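Everything below concerns the one structure shown next.
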Amino acid sequence: MSAGPPWLLVLDLAGTFAFGLNGALTAVRAVRLDIVGVIALGMITALGGGIIRDILLDDLPPATFQDWRYLAVAAGGAFIAFLLGHRLHRLAGSITVLDAIGLSVFAVAGASKALDFGIGAAQAVILGTITGVGGGTLRDVLIRQIPSVLSTGLYAVPALVAAAITVAASSIGVYSWPAATVAASACFLIRLLGVHFSLSAPEPPGATRSDPDSPEQE
Amino acid sequence: MSAGPPWLLVLDLAGTFAFGLNGALTAVRAVRLDIVGVIALGMITALGGGIIRDILLDDLPPATFQDWRYLAVAAGGAFIAFLLGHRLHRLAGSITVLDAIGLSVFAVAGASKALDFGIGAAQAVILGTITGVGGGTLRDVLIRQIPSVLSTGLYAVPALVAAAITVAASSIGVYSWPAATVAASACFLIRLLGVHFSLSAPEPPGATRSDPDSPEQE
Amino acid sequence: MSAGPPWLLVLDLAGTFAFGLNGALTAVRAVRLDIVGVIALGMITALGGGIIRDILLDDLPPATFQDWRYLAVAAGGAFIAFLLGHRLHRLAGSITVLDAIGLSVFAVAGASKALDFGIGAAQAVILGTITGVGGGTLRDVLIRQIPSVLSTGLYAVPALVAAAITVAASSIGVYSWPAATVAASACFLIRLLGVHFSLSAPEPPGATRSDPDSPEQE
């Protein structure tokens with residue numbers, strides 16, 4: 001069982017819900033799956049990051065399989081997205097914002113849980129980042145896209161920032177929900193500013209959909 | 001070590017053999033790999049679902065690495081498929097039937113083992129479904145296809161049905177090999193009826209090979 | 001914590017460094033990612049095989065998250081590759097040699113650690129092979145290529161040879177760093193000879209980049 005404070009569970013469930021909506025909307029938009037595929041992609045996106053985190057922390061079975069609320073929230077989010085997805089006018093925008101929310105809260109929740117399990121500071125930052133990007137990476141692999149964590153510089157970086165703020169706040173003894181809120185908000189803002197201004201490290205045109213079969217440099 | 005009854009081991013090995021044949025035939029048919037690739041894809045398909053289940057249940061090392069029969073059955077199935085695959089006239093049909101067998105028995109075996117490990121009912125149903133679809137999903141990701149669990153409504157649903165029957169039979173105290181047979185047979189029949197009549201929730205034409213780079217709705 | 005001898009840690013870190021360079025150079029060459037993507041792909045390639053091994057051996061959290069040197073070596077290798085990658089004239093050759101180094105030492109390290117954890121001989125050979133090919137397989141899946149372990153016969157085979165030599169040396173009581181060096185060197189030579197002379201089991205032309213959407217036999 002999670003040994004963390006109650007607000008950590010709230011963060012976890014909020015991220016699960018956001019990623020459940022996000023994964024299901026991605027399925028509606030990018031791959032046009034049927035209802036089972038939409039729910040499945042929503043649940044994998046919602047639960048993937050936390051399951052990877054719990055495997056790496058040896059907190060098995062993962063929280064997902066110890067607490068029914070994770071499954072209910074993930075399935076609920078995916079089902080709502082299936083019902084409403086076709087009516088959304090700005091589907092791409094909603095997908096981006098929901099992904100940023102999940103990324104932010106999971107990076108904080110992952111780093112927090114790693115600290116609770118006695119992992120070192122640098123490793124907790126990496127584990128928080130993995131938790132944040134994990135669900136979206138599984139989502140992208142399953143629908144055959146290059147994962148955001150590879151194709152977009154400002155996807156892993158904001159998650160790293162959130163996890164680092166979390167670990168820093170803990171090390172100076174001021175870690176609680178206000179610090180978690182600051183960390184998640186910083187990640188969310190950096191991510192959305194990056195998307196809005198197309199900020200990233202230099203990359204070739206179209207690299208977010210880059211094709212490994214394209215002409216290569218030698 | 002597995003704490004389950006002997007027929008659970010039989011189910012596990014039967015599913016391993018069917019998925020070993022299936023994965024290797026898929027390699028022969030869809031990607032035309034050489035012998036090492038064929039054996040490797042067969043073994044990954046055969047062992048993937050059970051390894052994922054054992055990781056999530058914290059039964060590590062997985063049964064695969066504690067009992068040599070899993071490796072032998074998986075490698076044997078893959079090798080037989082390599083030898084015979086080129087002679088089969090109805091290769092696609094064989095692949096579908098073997099996949100349905102593996103899906104059915106792994107969904108039952110996964111749900112059973114989850115119950116043995118004290119997982120809750122809803123979670124045991126999900127874990128059984130993951131066990132059933134896990135090996136095939138790894139197979140499809142490795143050969144760059146959209147996984148069946150996403151593209152075909154009647155792939156996850158029969159696995160869910162088999163896992164749910166298993167859990168229901170356990171909860172009313174009649175769980176043993178007859179109930180397991182009923183559960184696996186139900187999954188197998190639903191899956192093959194779905195394939196035969198092309199039953200599924202509404203989806204766009206060609207969605208089983210849908211391309212994320214195709215024109216998208218906004 | 002790892003219970004192995006000190007030269008096992010050296011092997012592990014050498015493989016981590018080689019795969020960190022390899023993954024990052026692959027990102028520079030094949031997908032033209034930005035710096036964050038390059039570092040991320042390098043670290044995933046470097047750490048993936050060992051993490052999979054430690055999950056399967058129930059040595060959690062993985063060595064990666066218990067010992068800061070793994071993260072430092074992986075990130076350092078990836079960063080060096082990012083800085084120097086654009087200047088290398090023979091990038092494809094460097095990528096192949098680094099991949100062969102990582103494959104060789106990880107196959108030996110994986111088999112050794114499996115023996116230390118009391119796994120049976122056949123299973124230790126398979127686990128060593130998985131450790132060797134694991135990081136490269138994650139790398140290939142993330143950049144949407146058919147993994148080398150499936151497409152090239154002489155990728156899994158040399159890893160199997162190295163793991164088998166390791167297990168055989170252990171069973172006759174002569175296992176120490178000289179045996180490990182022989183095992184890793186055998187793998188490295190077989191792999192490079194296979195690449196140089198294009199040795200492999202028969203496969204259709206272009207199968208290393210084969211496309212599941214290409215015409216199929218029935």
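As shown in the structure tokens, the chain order sets the letters A, B, ...; within each chain, residues go from 1, and ligands are also counted from 1 in the order they appear.
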
I'd like a table as CSV: residues in chain B with an atom no more than 10 Å from chain C, each row giving the shortest atom pair and its distance in Å to one decimal, only C-alpha atoms counted, sorted by chain and rising residue number.
residue,atom,partner,partner_atom,distance
B:Ala27,CA,C:Leu150,CA,8.8
B:Val28,CA,C:Gln217,CA,8.9
B:Arg29,CA,C:Gln217,CA,6.1
B:Ala30,CA,C:Pro212,CA,5.7
B:Val31,CA,C:Pro212,CA,5.7
B:Arg32,CA,C:Pro204,CA,6.7
B:Leu33,CA,C:Ser151,CA,5.9
B:Asp34,CA,C:Glu203,CA,5.1
B:Ile35,CA,C:Ala201,CA,6.5
B:Val36,CA,C:Gly153,CA,5.1
B:Gly37,CA,C:Leu150,CA,3.9
B:Val38,CA,C:Leu150,CA,7.2
B:Ile39,CA,C:Leu150,CA,8.8
B:Ala40,CA,C:Leu150,CA,6.5
B:Leu41,CA,C:Leu150,CA,6.8
B:Ile51,CA,C:Leu56,CA,8.3
B:Ile52,CA,C:Leu56,CA,9.9
B:Asp54,CA,C:Leu56,CA,9.2
B:Ile55,CA,C:Leu56,CA,7.5
B:Asp58,CA,C:Asp58,CA,8.3
B:Asp59,CA,C:Asp58,CA,8.6
B:Leu60,CA,C:Asp58,CA,5.4
B:Pro61,CA,C:Leu57,CA,5.1
B:Pro62,CA,C:Leu56,CA,6.5
B:Thr64,CA,C:Gln123,CA,8.1
B:Phe65,CA,C:Gln123,CA,5.5
B:Gln66,CA,C:Ile119,CA,7.1
B:Asp67,CA,C:Gln123,CA,8.6
B:Trp68,CA,C:Gln123,CA,7.2
B:Leu71,CA,C:Gln123,CA,7.8
B:Ala72,CA,C:Ala122,CA,9.6
B:His86,CA,C:Gln217,CA,9.3
B:Leu88,CA,C:Glu218,CA,8.6
B:His89,CA,C:Glu218,CA,7.0
B:Arg90,CA,C:Glu218,CA,6.8
B:Leu91,CA,C:Glu218,CA,6.1
B:Ala92,CA,C:Glu218,CA,6.8
B:Gly93,CA,C:Glu218,CA,9.7
B:Asp140,CA,C:Pro212,CA,9.8
B:Val141,CA,C:Val141,CA,7.4
B:Leu142,CA,C:Ile146,CA,6.2
B:Ile143,CA,C:Ile146,CA,5.9
B:Arg144,CA,C:Pro212,CA,6.8
B:Gln145,CA,C:Pro212,CA,7.0
B:Arg209,CA,C:Asp213,CA,8.1

Mind checking which residues fall within 8 Å of range 163-169 of chain B, counting only C-alpha atoms, ignoring those fewer than 4 positions away in the same chain, and posting them as a JSON list (two decimals) with C-alpha atoms, in the first residue's frame?
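After the write, selection.json holds the following:
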[["chain", "number", "residue", "atom", "x", "y", "z"],
["B", 107, "ALA", "CA", -7.47, -14.91, -19.64],
["B", 108, "VAL", "CA", -8.74, -17.73, -17.40],
["B", 110, "GLY", "CA", -4.52, -14.92, -15.35],
["B", 111, "ALA", "CA", -7.77, -14.30, -13.49],
["B", 112, "SER", "CA", -7.33, -17.55, -11.52],
["B", 115, "LEU", "CA", -7.57, -14.62, -7.22],
["B", 121, "ALA", "CA", -12.61, -9.15, -8.09],
["B", 124, "ALA", "CA", -8.65, -9.91, -11.14],
["B", 125, "VAL", "CA", -10.88, -9.48, -14.21],
["B", 126, "ILE", "CA", -8.58, -6.75, -15.56],
["B", 128, "GLY", "CA", -6.89, -11.81, -16.53],
["B", 129, "THR", "CA", -7.63, -9.68, -19.57],
["B", 159, "ALA", "CA", -10.98, -12.04, -22.71],
["B", 173, "GLY", "CA", -17.73, -21.38, -4.79],
["B", 174, "VAL", "CA", -17.98, -23.55, -7.92],
["B", 175, "TYR", "CA", -14.57, -22.73, -9.33],
["B", 179, "ALA", "CA", -15.83, -23.69, -14.76],
["B", 180, "ALA", "CA", -12.46, -22.86, -16.29],
["B", 183, "ALA", "CA", -14.96, -19.65, -19.32]]

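The protein and nucleic acid residues lying at most 6 Å from range 186-188 of chain A are A:Ala100, A:Ser104, A:Pro158, A:Ala159, A:Ala162, A:Ala183, A:Arg191, with only C-alpha atoms considered and sequence neighbours fewer than 3 positions away removed.
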
Compile a residue-level contact table for range 18-124 of chain B against range 9-12 of chain B at a cut-off of 8 Å, reporting for every qualifying residue the shortest atom pair and its distance in Å to one decimal, with only C-alpha atoms counted, rows ordered by chain and ascending number, as a Markdown table.
| residue | atom | partner | partner_atom | distance |
| --- | --- | --- | --- | --- |
| B:Val105 | CA | B:Leu11 | CA | 5.8 |
| B:Phe106 | CA | B:Asp12 | CA | 6.5 |
| B:Ala109 | CA | B:Asp12 | CA | 6.3 |

Could you pull out all residues of range 33-90 of chain A with a DSSP call of alpha helix (DSSP H) and give them as a VMD selection string?
chain A and resid 35 to 56 63 to 66 68 to 84

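Straight-line separation from CA of Thr45 in chain C to CA of Gly48 in chain B: 20.2 Å.
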
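Interatomic distance, CA of Arg139 in chain A to CA of Met43 in chain A: 9.6 Å.
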
Atomic separation - CA of Gly77 in chain B relative to CA of Ile130 in chain B, Å
22.0 Å

Best match for closeness to Gly50 in chain C among C:Gly85, C:Gly20, C:Pro5, C:Gly134, counting only C-alpha atoms:
C:Gly134
